[in-house]
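Okay, so here's the structure we're looking at.
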Amino acid sequence: SAFAKRCISTSSVMHADLSLTFASPRVVFYNKVNVKQVDVPGISGCFGILAEHVPTIATMRPGVVAVTEEDGATKKYFVSSGTVTVNADSSVQVLAEEAVNVSELDPQSVRDGLSKAQSQLSSASSDNAKAEAQIAVEAFEAMSAAI
């Protein structure tokens with residue numbers, strides 16, 4: 001049946017397009033490109049976006065944005081933070097403060113950065129220094145999990 005072919009989607013459209021714009025201040029990864037799915041690390045948890053997703057605005061935490069392209073290939077990007085907006089027309093904007101392809105992360109640099117951040121956290125004396133060090137620890141832990 002048509003319902004089964006759509007894999008329980010409640011959409012009246014057999015195949016809706018998901019148009020992705022994904023960028024950081026330094027690079028545009030996708031500019032209104034049709035994709036199958038986008039998985040983002042939201043502040044309240046990771047979530048997947050398919051065509052005709054309910055309109056949403058969310059803040060991203062450090063983690064991996066995974067983009068499943070039309071041909072089924074999945075590309076993964078590490079983001080430091082940012083926002084994601086899902087619109088009623090099945091367009092999605094992912095705007096990251098910093099973003100890199102996961103394959104560009106150097107495991108040794110990530111380990112070194114995590115160690116340094118943990119050291120700074122344990123020796124921080126002011127609330128401001130503790131908060132900055134905690135953010136760095138969380139970012140490096142997310143990078144470590146991504147690679």
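We name chains A, B, ... following the order of the structure tokens; residues begin at 1 in each chain, and ligands are numbered from 1 as shown.
Excluding A:Val33 itself and same-chain residues fewer than 6 positions from it, the residues having an atom within 9 Å of it are Leu18, Ser19, Leu20, Thr21 and Glu69 of chain A, counting only C-alpha atoms.
Running DSSP on the backbone and keeping only helix (DSSP H, G or I), the residues of stretch 4-129 of chain A that qualify are A:Ala4, A:Lys5, A:Val102, A:Ser103, A:Glu104, A:Pro107, A:Gln108, A:Ser109, A:Val110, A:Arg111, A:Asp112, A:Gly113, A:Leu114, A:Ser115, A:Lys116, A:Ala117, A:Gln118, A:Ser119, A:Gln120, A:Leu121, A:Ser122, A:Ser123, A:Asp127, A:Asn128, A:Ala129.
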Next, the residues of the selection above should be written as a compact mmCIF listing (two decimals), in the first residue's frame with N, CA, C and O atoms.
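Resulting contents of selection11.txt:
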```txt
# COMPACT_ATOMS: atom_id res chain seq x y z
N ALA A 4 2.43 1.93 3.43
CA ALA A 4 3.60 1.12 3.76
C ALA A 4 4.84 1.61 3.01
O ALA A 4 5.94 1.62 3.55
N LYS A 5 4.68 2.04 1.77
CA LYS A 5 5.82 2.53 0.99
C LYS A 5 6.42 3.78 1.61
O LYS A 5 7.57 4.06 1.43
N VAL A 102 34.45 15.52 10.36
CA VAL A 102 35.01 14.67 11.43
C VAL A 102 36.35 14.08 11.02
O VAL A 102 37.25 13.95 11.84
N SER A 103 36.52 13.78 9.74
CA SER A 103 37.78 13.18 9.27
C SER A 103 38.97 14.14 9.43
O SER A 103 40.12 13.71 9.39
N GLU A 104 38.70 15.43 9.61
CA GLU A 104 39.78 16.41 9.78
C GLU A 104 40.25 16.54 11.22
O GLU A 104 41.24 17.22 11.49
N PRO A 107 43.18 12.90 16.23
CA PRO A 107 42.98 12.25 17.53
C PRO A 107 43.98 12.68 18.61
O PRO A 107 43.60 12.91 19.75
N GLN A 108 45.26 12.83 18.25
CA GLN A 108 46.26 13.22 19.24
C GLN A 108 46.03 14.65 19.72
O GLN A 108 46.12 14.94 20.91
N SER A 109 45.69 15.54 18.82
CA SER A 109 45.40 16.93 19.20
C SER A 109 44.18 17.00 20.11
O SER A 109 44.14 17.80 21.05
N VAL A 110 43.19 16.17 19.82
CA VAL A 110 41.98 16.14 20.66
C VAL A 110 42.33 15.64 22.06
O VAL A 110 41.93 16.23 23.07
N ARG A 111 43.13 14.56 22.15
CA ARG A 111 43.55 14.04 23.46
C ARG A 111 44.34 15.09 24.24
O ARG A 111 44.12 15.30 25.43
N ASP A 112 45.27 15.75 23.54
CA ASP A 112 46.08 16.80 24.18
C ASP A 112 45.20 17.95 24.66
O ASP A 112 45.39 18.46 25.76
N GLY A 113 44.26 18.36 23.83
CA GLY A 113 43.36 19.46 24.20
C GLY A 113 42.49 19.11 25.38
O GLY A 113 42.27 19.94 26.28
N LEU A 114 42.00 17.86 25.42
CA LEU A 114 41.17 17.41 26.54
C LEU A 114 41.98 17.41 27.82
O LEU A 114 41.53 17.88 28.87
N SER A 115 43.21 16.90 27.76
CA SER A 115 44.07 16.85 28.93
C SER A 115 44.35 18.27 29.46
O SER A 115 44.26 18.53 30.67
N LYS A 116 44.65 19.18 28.56
CA LYS A 116 44.92 20.57 28.95
C LYS A 116 43.67 21.21 29.56
O LYS A 116 43.76 21.89 30.59
N ALA A 117 42.52 20.99 28.95
CA ALA A 117 41.27 21.57 29.46
C ALA A 117 40.93 21.02 30.84
O ALA A 117 40.48 21.75 31.73
N GLN A 118 41.15 19.70 31.04
CA GLN A 118 40.88 19.10 32.35
C GLN A 118 41.81 19.68 33.40
O GLN A 118 41.40 19.94 34.54
N SER A 119 43.06 19.90 33.04
CA SER A 119 44.03 20.50 33.95
C SER A 119 43.61 21.93 34.31
O SER A 119 43.67 22.33 35.48
N GLN A 120 43.18 22.69 33.31
CA GLN A 120 42.73 24.06 33.55
C GLN A 120 41.49 24.07 34.45
O GLN A 120 41.35 24.94 35.30
N LEU A 121 40.61 23.09 34.26
CA LEU A 121 39.40 23.02 35.08
C LEU A 121 39.76 22.75 36.54
O LEU A 121 39.24 23.39 37.45
N SER A 122 40.69 21.81 36.76
CA SER A 122 41.04 21.46 38.14
C SER A 122 41.81 22.57 38.85
O SER A 122 41.76 22.67 40.07
N SER A 123 42.49 23.43 38.09
CA SER A 123 43.26 24.51 38.72
C SER A 123 42.55 25.87 38.67
O SER A 123 43.08 26.85 39.19
N ASP A 127 35.05 31.63 39.18
CA ASP A 127 33.88 31.01 38.54
C ASP A 127 33.97 31.13 37.03
O ASP A 127 33.59 30.20 36.30
N ASN A 128 34.46 32.27 36.55
CA ASN A 128 34.60 32.48 35.11
C ASN A 128 35.58 31.49 34.50
O ASN A 128 35.30 30.88 33.47
N ALA A 129 36.72 31.32 35.13
CA ALA A 129 37.73 30.39 34.63
C ALA A 129 37.21 28.95 34.66
O ALA A 129 37.46 28.17 33.74
```
- request: Tell me, as an NGL selection string, which residues lie within 7 Å of A:Ile57, counting only C-alpha atoms; anything in the same chain fewer than 3 positions away does not count.
  value: :A and (84-86)
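Across the structure, atom CA of A:Phe47 and atom CA of A:Asp106 are spaced 26.1 Å apart.
With only C-alpha atoms as the basis for measurement, A:Val64 is the residue among A:Glu70, A:Val64, A:His53, A:Glu138 that approaches A:Glu98 most closely.
Summary of the local environment: counting only C-alpha atoms, residues at most 9 Å from A:Ser44, other than itself and those fewer than 5 positions away along its chain, are Ala58, Thr59, Met60 and Arg61 of chain A.
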task: For A:Val65, please output as a list of chain:residue names all residues within 10 Å (counting only C-alpha atoms; exclusion window: fewer than 6 positions along the same chain).
output: A:Phe22, A:Val38, A:Asp39, A:Val40, A:Pro41, A:Gly42, A:Cys46, A:Phe47, A:Gly48, A:Lys75, A:Lys76, A:Tyr77, A:Phe78, A:Val79, A:Val94, A:Ala96, A:Ala99, A:Val100, A:Asn101, A:Val102
At a cut-off of 7 Å, using only C-alpha atoms, what residues contact A:Gln37? Leave out same-chain residues fewer than 2 positions from it and give the result as an mmCIF file with N, CA, C and O atoms, in the first residue's frame.
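Below you can see selection.cif, which holds the result:
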```cif
data_model
loop_
_atom_site.group_PDB
_atom_site.id
_atom_site.type_symbol
_atom_site.label_atom_id
_atom_site.label_comp_id
_atom_site.auth_asym_id
_atom_site.auth_seq_id
_atom_site.Cartn_x
_atom_site.Cartn_y
_atom_site.Cartn_z
ATOM 1 N N VAL A 35 18.592 16.584 0.633
ATOM 2 C CA VAL A 35 19.183 15.458 1.343
ATOM 3 C C VAL A 35 18.064 14.593 1.892
ATOM 4 O O VAL A 35 16.902 15.002 1.926
ATOM 5 N N ASP A 39 20.859 14.652 11.118
ATOM 6 C CA ASP A 39 20.852 14.373 12.559
ATOM 7 C C ASP A 39 21.689 15.452 13.234
ATOM 8 O O ASP A 39 22.819 15.704 12.815
ATOM 9 N N GLY A 48 16.751 13.587 14.738
ATOM 10 C CA GLY A 48 16.834 13.459 13.294
ATOM 11 C C GLY A 48 15.758 14.283 12.628
ATOM 12 O O GLY A 48 14.661 14.433 13.152
ATOM 13 N N ILE A 49 16.095 14.804 11.452
ATOM 14 C CA ILE A 49 15.165 15.629 10.691
ATOM 15 C C ILE A 49 14.962 14.981 9.328
ATOM 16 O O ILE A 49 15.922 14.719 8.604
ATOM 17 N N LEU A 50 13.718 14.721 9.004
ATOM 18 C CA LEU A 50 13.328 14.206 7.695
ATOM 19 C C LEU A 50 12.433 15.244 7.033
ATOM 20 O O LEU A 50 11.981 16.196 7.683
ATOM 21 N N VAL A 67 24.766 14.091 7.955
ATOM 22 C CA VAL A 67 23.916 14.393 6.803
ATOM 23 C C VAL A 67 23.870 13.158 5.911
ATOM 24 O O VAL A 67 24.904 12.704 5.424
ATOM 25 N N THR A 68 22.664 12.612 5.728
ATOM 26 C CA THR A 68 22.482 11.498 4.798
ATOM 27 C C THR A 68 22.048 12.100 3.467
ATOM 28 O O THR A 68 20.968 12.685 3.366
#
```
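Going from atom CA of A:Glu97 to atom CA of A:Pro55 covers 21.9 Å.
The space separating atom CA of A:Ala51 from atom CA of A:Lys36 comes to 7.4 Å.
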Selected residue, from A:Ala88, A:Leu95, A:Ile43, A:Asp71, that lies nearest to A:Val27 when counting only C-alpha atoms: A:Leu95
message: Please return, as number ranges by chain, all residues of stretch 30-126 of chain A that DSSP assigns to strand (DSSP E or B) on the basis of the backbone.
response: A: 30-42, 45-49, 56-60, 63-69, 74-79, 82-86, 91-96, 99-101
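Using only C-alpha atoms, the shortest contact distance between A:Ser91 and any of A:Ser24, A:Thr56, A:Ser144, A:Gln134 is found at A:Thr56.
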